[in-house]
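For reference, query-v5.csv (CSV, C-alpha atoms):
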```csv
chain,number,residue,atom,x,y,z
A,1,MET,CA,14.5,-1.5,3.1
A,2,ARG,CA,11.0,-0.2,2.7
A,3,ILE,CA,7.7,-2.0,2.5
A,4,GLU,CA,6.8,-2.3,-1.2
A,5,ARG,CA,4.4,-5.1,-1.8
A,6,LEU,CA,1.9,-7.4,0.0
A,7,ASP,CA,0.6,-10.6,-1.5
A,8,THR,CA,-2.0,-13.0,-0.2
A,9,TYR,CA,-2.5,-16.7,-1.0
A,10,LEU,CA,-5.6,-18.8,-0.4
A,11,GLN,CA,-4.4,-22.1,1.0
A,12,ARG,CA,-5.2,-24.7,3.7
A,13,VAL,CA,-3.8,-26.4,6.7
A,14,GLY,CA,-5.3,-29.8,7.0
A,15,GLU,CA,-9.1,-29.2,6.4
A,16,ARG,CA,-9.1,-25.6,7.6
A,17,PRO,CA,-8.7,-22.6,5.3
A,18,ARG,CA,-5.7,-20.4,5.7
A,19,VAL,CA,-4.6,-17.1,4.2
A,20,LEU,CA,-0.8,-16.8,3.7
A,21,VAL,CA,0.8,-13.4,3.5
A,22,ARG,CA,4.0,-12.3,1.9
A,23,ILE,CA,5.5,-8.8,2.3
A,24,THR,CA,8.3,-7.8,0.0
A,25,THR,CA,10.7,-4.8,0.5
A,26,ASP,CA,12.0,-2.5,-2.2
A,27,ASP,CA,15.3,-4.4,-2.1
A,28,GLY,CA,13.7,-7.8,-2.5
A,29,VAL,CA,13.6,-9.2,1.0
A,30,GLU,CA,10.5,-11.3,1.7
A,31,GLY,CA,8.7,-11.9,5.0
A,32,TRP,CA,6.0,-14.6,5.5
A,33,SER,CA,3.1,-15.2,7.8
A,34,GLU,CA,-0.3,-16.9,8.1
A,35,VAL,CA,-3.6,-15.5,9.2
A,36,TYR,CA,-5.7,-17.2,11.8
A,37,ASN,CA,-8.9,-17.5,9.9
A,38,HIS,CA,-11.5,-17.1,12.6
A,39,GLY,CA,-14.0,-14.8,10.9
A,40,PRO,CA,-15.4,-14.4,7.4
A,41,ASP,CA,-12.4,-16.0,5.8
A,42,LEU,CA,-12.5,-14.3,2.4
A,43,ALA,CA,-12.7,-10.9,4.1
A,44,PHE,CA,-9.0,-11.1,5.0
A,45,PRO,CA,-7.3,-10.4,1.7
A,46,PRO,CA,-9.1,-7.0,1.2
A,47,LEU,CA,-8.6,-6.1,4.8
A,48,LEU,CA,-4.9,-6.8,4.6
A,49,GLU,CA,-4.7,-4.7,1.4
A,50,TYR,CA,-6.4,-1.9,3.1
A,51,LEU,CA,-3.9,-2.0,6.0
A,52,PHE,CA,-1.0,-2.4,3.7
A,53,GLU,CA,-1.8,0.9,1.8
A,54,GLN,CA,-1.3,2.7,5.1
A,55,ILE,CA,2.2,1.4,5.7
A,56,ARG,CA,3.6,1.2,2.1
A,57,GLY,CA,7.0,2.8,2.1
A,58,VAL,CA,7.7,2.4,5.8
A,59,ASP,CA,11.0,0.9,6.8
A,60,ALA,CA,10.1,-2.8,7.2
A,61,ARG,CA,12.4,-3.2,10.2
A,62,ARG,CA,10.3,-0.9,12.3
A,63,THR,CA,8.1,-3.7,13.6
A,64,SER,CA,7.0,-1.9,16.8
A,65,TYR,CA,6.2,1.3,14.9
A,66,VAL,CA,4.1,-0.4,12.3
A,67,ASN,CA,2.3,-2.5,14.9
A,68,GLN,CA,1.4,0.6,17.0
A,69,PHE,CA,0.4,2.6,13.9
A,70,LEU,CA,-2.0,-0.1,12.7
A,71,LEU,CA,-3.5,-0.4,16.2
A,72,GLN,CA,-4.0,3.4,16.2
A,73,SER,CA,-5.3,3.7,12.6
A,74,SER,CA,-8.8,2.5,13.7
A,75,ARG,CA,-11.1,4.8,15.7
A,76,PHE,CA,-12.2,1.9,17.9
A,77,PRO,CA,-10.1,-1.0,19.3
A,78,PRO,CA,-9.8,-3.6,16.6
A,79,GLY,CA,-11.5,-6.9,17.2
A,80,ALA,CA,-10.8,-10.5,16.1
A,81,MET,CA,-10.4,-9.9,12.4
A,82,GLY,CA,-8.5,-6.6,12.7
A,83,LEU,CA,-6.0,-8.0,15.2
A,84,ALA,CA,-5.5,-11.2,13.1
A,85,ALA,CA,-4.7,-9.1,10.1
A,86,ILE,CA,-2.3,-6.9,12.1
A,87,ALA,CA,-0.6,-10.0,13.5
A,88,ALA,CA,0.0,-11.3,10.0
A,89,ILE,CA,1.7,-8.0,9.0
A,90,ASP,CA,3.6,-8.0,12.2
A,91,HIS,CA,5.0,-11.5,11.6
A,92,ALA,CA,5.9,-10.9,8.0
A,93,LEU,CA,7.9,-7.8,9.2
A,94,TRP,CA,9.6,-9.7,12.0
A,95,ASP,CA,10.7,-12.3,9.4
A,96,ILE,CA,12.1,-9.5,7.3
A,97,ALA,CA,13.9,-7.9,10.3
A,98,GLY,CA,15.6,-11.2,11.1
A,99,LYS,CA,16.7,-11.8,7.5
A,100,ALA,CA,18.0,-8.2,7.2
A,101,ALA,CA,20.1,-8.8,10.4
A,102,GLY,CA,21.1,-12.3,9.4
A,103,LEU,CA,19.7,-13.6,12.7
A,104,PRO,CA,16.9,-15.8,13.9
A,105,VAL,CA,14.0,-13.7,15.2
A,106,TYR,CA,14.6,-14.9,18.8
A,107,GLN,CA,18.0,-13.2,18.8
A,108,LEU,CA,16.2,-9.9,18.1
A,109,LEU,CA,14.2,-10.5,21.3
A,110,GLY,CA,17.2,-10.8,23.5
A,111,GLY,CA,18.4,-14.3,22.6
A,112,ALA,CA,17.3,-17.8,23.6
A,113,VAL,CA,16.7,-18.6,27.2
A,114,ARG,CA,16.2,-22.3,26.4
A,115,ASP,CA,17.7,-24.7,23.9
A,116,ARG,CA,14.4,-26.2,22.6
A,117,VAL,CA,10.6,-25.7,22.9
A,118,ARG,CA,8.4,-28.4,24.5
A,119,VAL,CA,5.2,-29.2,22.7
A,120,TYR,CA,2.0,-31.2,23.4
A,121,ALA,CA,-0.1,-32.9,20.7
A,122,GLY,CA,-3.5,-31.4,20.2
A,123,LEU,CA,-5.9,-34.3,19.7
A,124,TYR,CA,-9.2,-32.3,20.4
A,125,ALA,CA,-11.3,-35.4,21.0
A,126,ALA,CA,-12.0,-38.0,23.7
A,127,PRO,CA,-11.6,-41.3,21.8
A,128,ASP,CA,-12.2,-44.7,23.4
A,129,VAL,CA,-9.1,-45.7,25.4
A,130,PRO,CA,-8.0,-48.5,23.0
A,131,GLN,CA,-8.0,-45.9,20.1
A,132,LEU,CA,-6.2,-43.3,22.3
A,133,VAL,CA,-3.6,-45.9,23.2
A,134,ASP,CA,-2.8,-46.5,19.5
A,135,THR,CA,-2.8,-42.8,18.6
A,136,THR,CA,-0.6,-41.7,21.4
A,137,ALA,CA,1.8,-44.6,21.0
A,138,GLU,CA,2.3,-43.7,17.4
A,139,LEU,CA,2.9,-40.0,18.2
A,140,SER,CA,5.2,-40.9,21.1
A,141,GLU,CA,7.3,-43.3,19.0
A,142,ARG,CA,7.5,-40.9,16.0
A,143,ASN,CA,7.9,-37.5,17.7
A,144,GLY,CA,8.6,-38.3,21.4
A,145,TYR,CA,5.4,-36.6,22.7
A,146,THR,CA,4.8,-37.0,26.5
A,147,ALA,CA,1.9,-34.5,26.6
A,148,PHE,CA,-1.5,-34.5,24.9
A,149,LYS,CA,-4.7,-32.4,24.9
A,150,LEU,CA,-8.1,-34.1,24.9
A,151,SER,CA,-11.7,-33.1,25.0
A,152,PRO,CA,-13.6,-33.4,28.4
A,153,TYR,CA,-16.8,-34.3,26.7
A,154,ARG,CA,-17.4,-38.1,26.5
A,155,ALA,CA,-21.2,-37.7,26.8
A,156,GLU,CA,-23.0,-35.2,24.5
A,157,LEU,CA,-22.8,-31.9,26.4
A,158,HIS,CA,-26.1,-30.3,25.4
A,159,ARG,CA,-28.3,-33.4,25.5
A,160,ASN,CA,-27.4,-35.0,28.9
A,161,ARG,CA,-27.8,-34.1,32.5
A,162,PHE,CA,-24.5,-32.3,33.3
A,163,GLY,CA,-23.8,-34.5,36.3
A,164,LEU,CA,-23.6,-37.4,33.9
A,165,VAL,CA,-21.2,-35.5,31.6
A,166,ALA,CA,-18.9,-34.8,34.6
A,167,ALA,CA,-19.1,-38.3,36.0
A,168,GLU,CA,-18.3,-39.9,32.6
A,169,LEU,CA,-15.3,-37.6,32.3
A,170,GLY,CA,-14.0,-38.7,35.7
A,171,ARG,CA,-14.4,-42.4,34.7
A,172,TYR,CA,-12.7,-41.8,31.4
A,173,PHE,CA,-9.7,-40.0,32.7
A,174,GLY,CA,-9.3,-42.6,35.4
A,175,GLU,CA,-9.1,-45.3,32.7
A,176,VAL,CA,-6.7,-43.2,30.7
A,177,ARG,CA,-4.4,-42.9,33.8
A,178,GLU,CA,-4.6,-46.7,34.5
A,179,THR,CA,-3.8,-47.6,30.9
A,180,LEU,CA,-1.2,-45.1,29.6
A,181,PRO,CA,2.2,-44.2,30.9
A,182,ASP,CA,2.0,-42.5,34.3
A,183,ALA,CA,4.6,-39.9,33.3
A,184,TRP,CA,2.5,-38.6,30.4
A,185,GLU,CA,0.5,-35.4,30.9
A,186,PHE,CA,-3.0,-34.8,29.6
A,187,GLY,CA,-4.7,-31.4,29.3
A,188,PHE,CA,-8.4,-31.0,28.6
A,189,ASP,CA,-9.9,-28.3,26.5
A,190,ALA,CA,-13.6,-27.4,27.2
A,191,HIS,CA,-13.7,-24.9,24.3
A,192,ALA,CA,-15.7,-22.3,26.3
A,193,CYS,CA,-18.9,-24.3,25.8
A,194,LEU,CA,-20.1,-23.8,29.4
A,195,TRP,CA,-21.9,-20.7,30.6
A,196,GLU,CA,-22.4,-21.6,34.3
A,197,PRO,CA,-19.4,-21.4,36.5
A,198,HIS,CA,-20.5,-24.2,38.8
A,199,GLN,CA,-20.3,-26.6,35.8
A,200,ALA,CA,-16.6,-25.6,35.3
A,201,VAL,CA,-15.9,-26.5,38.9
A,202,ALA,CA,-17.7,-29.8,38.5
A,203,LEU,CA,-15.5,-30.7,35.5
A,204,ALA,CA,-12.4,-29.8,37.5
A,205,ALA,CA,-13.5,-32.0,40.4
A,206,ALA,CA,-14.0,-34.9,38.0
A,207,LEU,CA,-10.4,-34.5,36.7
A,208,GLU,CA,-8.7,-33.7,40.0
A,209,PRO,CA,-8.0,-37.3,41.3
A,210,ASN,CA,-5.9,-38.0,38.2
A,211,GLU,CA,-4.0,-34.7,38.0
A,212,PRO,CA,-4.5,-33.1,34.6
A,213,LEU,CA,-2.0,-30.8,33.0
A,214,PHE,CA,-4.7,-28.2,32.9
A,215,LEU,CA,-8.4,-27.6,32.3
A,216,GLU,CA,-8.6,-25.1,29.5
A,217,GLU,CA,-11.4,-22.5,28.9
A,218,PRO,CA,-14.2,-24.2,30.8
A,219,ILE,CA,-16.4,-21.1,30.7
A,220,ARG,CA,-17.0,-18.1,28.4
A,221,PRO,CA,-14.2,-15.5,28.5
A,222,GLU,CA,-16.1,-12.2,29.0
A,223,TYR,CA,-16.7,-12.0,32.7
A,224,PHE,CA,-13.4,-12.0,34.7
A,225,PRO,CA,-14.9,-12.2,38.2
A,226,ALA,CA,-16.3,-15.6,37.2
A,227,TRP,CA,-12.8,-16.7,36.4
A,228,ALA,CA,-11.6,-15.6,39.8
A,229,ARG,CA,-14.4,-17.5,41.4
A,230,ILE,CA,-13.9,-20.8,39.6
A,231,ARG,CA,-10.1,-20.7,40.1
A,232,SER,CA,-10.7,-20.3,43.9
A,233,GLU,CA,-12.9,-23.3,43.9
A,234,MET,CA,-10.9,-25.6,41.6
A,235,ARG,CA,-8.0,-27.8,42.5
A,236,VAL,CA,-6.5,-28.3,39.1
A,237,PRO,CA,-4.6,-25.8,37.0
A,238,LEU,CA,-7.0,-23.4,35.2
A,239,ALA,CA,-5.9,-22.2,31.7
A,240,THR,CA,-7.4,-19.7,29.3
A,241,GLY,CA,-6.5,-16.9,26.9
A,242,GLU,CA,-7.2,-17.9,23.3
A,243,SER,CA,-10.3,-15.7,23.2
A,244,LEU,CA,-8.7,-12.6,24.7
A,245,TYR,CA,-7.2,-10.0,22.4
A,246,SER,CA,-5.2,-7.3,24.2
A,247,PRO,CA,-2.7,-6.9,27.0
A,248,ASN,CA,-5.4,-4.9,28.8
A,249,GLU,CA,-7.7,-8.0,28.8
A,250,PHE,CA,-4.9,-10.2,30.0
A,251,LEU,CA,-4.1,-7.7,32.8
A,252,SER,CA,-7.8,-7.7,33.9
A,253,LEU,CA,-7.7,-11.5,34.0
A,254,LEU,CA,-4.4,-11.6,35.9
A,255,SER,CA,-5.4,-8.9,38.3
A,256,VAL,CA,-8.4,-10.9,39.6
A,257,GLN,CA,-6.1,-14.0,39.8
A,258,GLY,CA,-8.4,-15.7,37.2
A,259,ALA,CA,-5.9,-18.2,35.7
A,260,ASP,CA,-3.0,-20.5,36.5
A,261,ILE,CA,-1.8,-20.6,32.9
A,262,VAL,CA,-2.4,-18.0,30.1
A,263,GLN,CA,-2.8,-19.2,26.5
A,264,PRO,CA,-2.7,-16.1,24.2
A,265,ASP,CA,-2.7,-16.9,20.5
A,266,ILE,CA,0.1,-15.0,18.7
A,267,CYS,CA,-2.0,-14.8,15.6
A,268,VAL,CA,-5.0,-13.3,17.5
A,269,VAL,CA,-3.5,-10.8,19.9
A,270,GLY,CA,-1.9,-8.6,17.2
A,271,GLY,CA,1.3,-10.6,16.7
A,272,LEU,CA,4.7,-11.2,18.3
A,273,THR,CA,5.0,-7.5,19.3
A,274,GLN,CA,1.9,-7.7,21.5
A,275,MET,CA,2.6,-11.3,22.6
A,276,VAL,CA,5.8,-10.2,24.3
A,277,LYS,CA,3.9,-7.6,26.3
A,278,ILE,CA,1.3,-10.2,27.5
A,279,ALA,CA,4.1,-12.5,28.6
A,280,HIS,CA,5.7,-9.8,30.7
A,281,LEU,CA,2.4,-9.1,32.4
A,282,ALA,CA,1.9,-12.8,33.1
A,283,GLU,CA,5.5,-13.1,34.5
A,284,ALA,CA,4.9,-10.3,36.9
A,285,HIS,CA,1.9,-12.3,38.2
A,286,LEU,CA,3.9,-15.5,38.5
A,287,VAL,CA,1.8,-17.1,35.7
A,288,PRO,CA,3.3,-19.2,32.9
A,289,VAL,CA,2.4,-18.9,29.2
A,290,ALA,CA,1.4,-21.9,27.1
A,291,PRO,CA,0.4,-20.4,23.7
A,292,HIS,CA,-2.7,-21.5,21.8
A,293,ASN,CA,-1.5,-22.8,18.5
A,294,PRO,CA,-3.7,-25.2,16.5
A,295,LEU,CA,-2.3,-23.6,13.3
A,296,GLY,CA,0.2,-24.2,10.5
A,297,PRO,CA,4.0,-24.0,10.0
A,298,LEU,CA,4.3,-20.2,9.9
A,299,ALA,CA,2.3,-19.7,13.1
A,300,THR,CA,4.3,-22.4,14.8
A,301,ALA,CA,7.6,-20.8,13.7
A,302,ALA,CA,6.5,-17.5,15.2
A,303,ASN,CA,5.6,-19.3,18.5
A,304,VAL,CA,9.0,-21.1,18.5
A,305,HIS,CA,10.9,-17.8,18.4
A,306,PHE,CA,8.6,-16.3,21.1
A,307,ALA,CA,9.0,-19.4,23.3
A,308,ALA,CA,12.8,-19.5,22.8
A,309,ALA,CA,13.2,-15.9,24.2
A,310,THR,CA,10.4,-15.9,26.9
A,311,THR,CA,11.4,-16.9,30.4
A,312,ASN,CA,7.9,-17.8,31.6
A,313,PHE,CA,7.0,-20.0,28.6
A,314,SER,CA,5.9,-23.5,29.6
A,315,ILE,CA,4.6,-25.6,26.7
A,316,LEU,CA,3.3,-25.0,23.1
A,317,GLU,CA,0.3,-26.5,21.5
A,318,PHE,CA,1.2,-28.4,18.2
A,319,LYS,CA,-1.2,-29.7,15.6
A,320,PRO,CA,0.5,-32.1,13.2
A,321,ASP,CA,-1.0,-31.2,9.8
A,322,PRO,CA,1.3,-31.4,6.8
A,323,VAL,CA,1.0,-28.7,4.1
A,324,SER,CA,2.1,-28.5,0.5
A,325,TRP,CA,3.7,-25.1,0.8
A,326,CYS,CA,6.3,-25.7,3.4
A,327,HIS,CA,8.8,-28.6,3.2
A,328,ASP,CA,10.9,-27.8,6.2
A,329,PRO,CA,8.5,-27.0,9.0
A,330,TYR,CA,9.4,-27.3,12.7
A,331,GLU,CA,8.7,-30.9,13.7
A,332,PRO,CA,8.8,-32.4,17.2
A,333,VAL,CA,11.9,-34.5,18.1
A,334,ASP,CA,11.8,-36.0,21.6
A,335,GLY,CA,8.7,-34.0,22.3
A,336,HIS,CA,10.4,-30.7,21.5
A,337,LEU,CA,10.9,-28.3,18.6
A,338,GLU,CA,14.6,-27.6,18.0
A,339,LEU,CA,15.9,-24.1,17.5
A,340,ARG,CA,17.6,-23.2,14.2
A,341,PRO,CA,20.3,-20.8,15.1
A,342,GLU,CA,21.9,-20.9,11.6
A,343,ARG,CA,18.7,-19.7,9.8
A,344,PRO,CA,17.7,-16.0,9.8
A,345,GLY,CA,14.1,-14.9,10.2
A,346,TRP,CA,11.6,-17.6,11.1
A,347,GLY,CA,13.9,-20.3,9.8
A,348,ILE,CA,11.6,-22.0,7.3
A,349,GLU,CA,11.1,-21.7,3.6
A,350,ILE,CA,7.9,-21.3,1.6
A,351,ASP,CA,7.4,-23.1,-1.7
A,352,LEU,CA,6.1,-20.4,-4.1
A,353,ALA,CA,5.4,-23.0,-6.8
A,354,ALA,CA,3.0,-24.7,-4.4
A,355,LEU,CA,1.1,-21.4,-4.0
A,356,ALA,CA,0.6,-21.0,-7.8
A,357,ASN,CA,-2.9,-22.3,-7.5
A,358,ASP,CA,-5.4,-21.6,-4.7
A,359,ASP,CA,-5.9,-24.6,-2.4
A,360,TRP,CA,-8.9,-23.3,-0.5
A,361,VAL,CA,-11.4,-25.3,1.6
A,362,HIS,CA,-14.6,-23.9,3.0
A,363,TRP,CA,-15.2,-24.4,6.7
A,364,GLN,CA,-17.6,-22.9,9.2
A,365,ARG,CA,-18.7,-23.6,12.7
A,366,ARG,CA,-21.9,-25.5,13.3
A,367,VAL,CA,-23.9,-24.1,16.2
A,368,PRO,CA,-25.4,-26.8,18.5
A,369,VAL,CA,-29.1,-26.9,19.0
A,370,LYS,CA,-30.5,-28.1,22.3
A,371,PRO,CA,-33.6,-30.4,22.6
A,372,ASP,CA,-35.8,-27.4,23.1
A,373,GLY,CA,-34.6,-25.7,19.9
A,374,SER,CA,-32.4,-23.0,21.5
A,375,THR,CA,-28.8,-22.7,20.5
A,376,ALA,CA,-25.7,-23.4,22.5
A,377,TRP,CA,-22.0,-22.5,22.6
A,378,MET,CA,-19.7,-24.8,20.6
```
Step by step, read the file and then write its structure as structure tokens.
Amino acid sequence: MRIERLDTYLQRVGERPRVLVRITTDDGVEGWSEVYNHGPDLAFPPLLEYLFEQIRGVDARRTSYVNQFLLQSSRFPPGAMGLAAIAAIDHALWDIAGKAAGLPVYQLLGGAVRDRVRVYAGLYAAPDVPQLVDTTAELSERNGYTAFKLSPYRAELHRNRFGLVAAELGRYFGEVRETLPDAWEFGFDAHACLWEPHQAVALAAALEPNEPLFLEEPIRPEYFPAWARIRSEMRVPLATGESLYSPNEFLSLLSVQGADIVQPDICVVGGLTQMVKIAHLAEAHLVPVAPHNPLGPLATAANVHFAAATTNFSILEFKPDPVSWCHDPYEPVDGHLELRPERPGWGIEIDLAALANDDWVHWQRRVPVKPDGSTAWM
């Protein structure tokens, strides 16, 4: 069962571009994955082909070997794009390994430690409360969600005095708590837009009276002592991790006690093989894992199997974007994704006919400009 072929497909998830990957073995077993496009998107297919040529002919079931080989094939530690490509190969091989064994991937990780995987709905905005009531009611009725993620920015961040931004957040979350069911949970994602630690502490203070699920990524990720500082000054759960790449970086964060919840992205850190290592590090520091996952059905499938077999998993991000190329994605029921013990590999099917034509959409970040003309984080 040797790696024989790698194919890429230019597709989309919602309004974001997405490269899909298929690896085929010499005896016809196929493994699938999706790339987290967070760089120059069209650079991924040639990068994947370059990596594939180094592993052609290797036993496709040697997931750990291939993952380590690709990490070591570069003179310098791979960054965002390199690890995203390695993750895509890793996940396709895990899918093959499960299919070869006739087992779901989580069984290859030691078996399930839970019967289903809790999810929260990523909303990524701070809509007026009447609109939020309608949106969450529909999601709760249809999928049973009891947890949601919002933006903390009701006032424009880079064009207002920061005290007004924090005060408006406090008023908003208070109204949310007064209006929506008290049992529901709300996380807030600050998207690493802040650069000054005291501002992160101010956001946390605004949220504190109404007990958020977490405050996510309130400052830039690079300087770990700042995370230790803000966690010591905050009284709400501090979450981060989507911008960290390696077990070493997570160990540095955990060693300074810089987070209450870690949020590695399985498609960013080098795949399931590295994600498991990060989870073990977090468990040793008494820290739960809530994976970052604003992606499509294949990334969600990989996260489901990770979560099923990981003791310190807590909750999974879920973005409800239908796609044309997967007709049986994991969908929340009663706020959870059910395991599929009868299906080998990831447990979903990819519609090859839907991939016959590229369905690509261009997307790029727009960097904010402050009133003085300087740029800001977004």
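The residue that comes closest to A:Cys267, out of A:Pro247, A:Pro291, A:Pro209, A:Gly111 and on the basis of only C-alpha atoms, is A:Pro291.
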Which residues of stretch 266-335 of chain A come within 12 Å of stretch 30-33 of chain A, and for each one, what is the closest pair of atoms and their distance in Å to one decimal, counting only C-alpha atoms, sorted by chain and residue number, as CSV?
```
residue,atom,partner,partner_atom,distance
A:Ile266,CA,A:Ser33,CA,11.3
A:Cys267,CA,A:Ser33,CA,9.3
A:Gly271,CA,A:Ser33,CA,10.2
A:Leu272,CA,A:Ser33,CA,11.3
A:Leu295,CA,A:Ser33,CA,11.4
A:Gly296,CA,A:Ser33,CA,9.8
A:Pro297,CA,A:Ser33,CA,9.1
A:Leu298,CA,A:Ser33,CA,5.6
A:Ala299,CA,A:Ser33,CA,7.0
A:Thr300,CA,A:Ser33,CA,10.1
A:Ala301,CA,A:Ser33,CA,9.3
A:Ala302,CA,A:Ser33,CA,8.5
A:Asn303,CA,A:Ser33,CA,11.7
A:Trp325,CA,A:Trp32,CA,11.7
A:Cys326,CA,A:Trp32,CA,11.3
```
Atom-to-atom span, atom CA of A:Asn37 and atom CA of A:Ala239, Å: 22.5 Å
Pairwise distance for atom CA of A:Ala126 and atom CA of A:Ala190, rounded to one decimal in Å: 11.3 Å
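Residue nearest A:Arg18, chosen from A:Met1, A:Ala84, A:Val304, A:Ala101 and counting only C-alpha atoms: A:Ala84.
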Please report as JSON lines every residue of stretch 287-321 of chain A lying within 10 Å of stretch 280-283 of chain A, along with the nearest atom pair and their distance in Å (one decimal), using only C-alpha atoms.
```
{"residue": "A:Val287", "atom": "CA", "partner": "A:Ala282", "partner_atom": "CA", "distance": 5.0}
{"residue": "A:Pro288", "atom": "CA", "partner": "A:Ala282", "partner_atom": "CA", "distance": 6.6}
{"residue": "A:Val289", "atom": "CA", "partner": "A:Ala282", "partner_atom": "CA", "distance": 7.3}
{"residue": "A:Thr310", "atom": "CA", "partner": "A:His280", "partner_atom": "CA", "distance": 8.6}
{"residue": "A:Thr311", "atom": "CA", "partner": "A:Glu283", "partner_atom": "CA", "distance": 8.1}
{"residue": "A:Asn312", "atom": "CA", "partner": "A:Glu283", "partner_atom": "CA", "distance": 6.0}
{"residue": "A:Phe313", "atom": "CA", "partner": "A:Glu283", "partner_atom": "CA", "distance": 9.2}
```
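You will find atom CA of A:Tyr9 at 21.6 Å from atom CA of A:Lys99.
With only C-alpha atoms as the atoms that count, the residue of A:Glu49, A:Glu222, A:Asp26, A:Glu178 with the shortest distance to A:Asn210 is A:Glu178.
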Selection near A:Tyr106, 7 Å with only C-alpha atoms, sequence-local residues under 5 positions removed, as a PyMOL selection string: chain A and resi 111-112+305-306+308-309
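Comparing A:Ala353, A:Thr273, A:Leu215, A:Arg56 by their smallest distance to A:Leu108, the closest is A:Thr273 (using all atoms listed in the file).
Closest approach to A:Arg61 among A:Pro368, A:Gly345, A:Tyr36, A:Cys193: A:Gly345, based on only C-alpha atoms.
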Neighbour list for A:Lys149 as number ranges by chain, cut-off 6 Å, all atoms listed in the file, skip fewer than 6 positions in-chain: A: 122-123, 186-188
Using C-alpha atoms, can you write the selected residues to a file as an mmCIF file, in the frame of the given file?
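selection-v5.cif written:
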```cif
data_model
loop_
_atom_site.group_PDB
_atom_site.id
_atom_site.type_symbol
_atom_site.label_atom_id
_atom_site.label_comp_id
_atom_site.auth_asym_id
_atom_site.auth_seq_id
_atom_site.Cartn_x
_atom_site.Cartn_y
_atom_site.Cartn_z
ATOM 1 C CA GLY A 122 -3.500 -31.400 20.200
ATOM 2 C CA LEU A 123 -5.900 -34.300 19.700
ATOM 3 C CA PHE A 186 -3.000 -34.800 29.600
ATOM 4 C CA GLY A 187 -4.700 -31.400 29.300
ATOM 5 C CA PHE A 188 -8.400 -31.000 28.600
#
```
Residues within 10 Å of A:Trp360, only C-alpha atoms, excluding chain neighbours under 5 positions, as a PyMOL selection string: chain A and resi 9-13+15-19
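Taking all atoms listed in the file, the non-local environment of A:Thr375 within 12 Å (same-chain residues fewer than 5 positions away omitted) comprises His158, Arg159, Cys193, Arg366, Val367, Pro368, Val369 and Lys370 of chain A.
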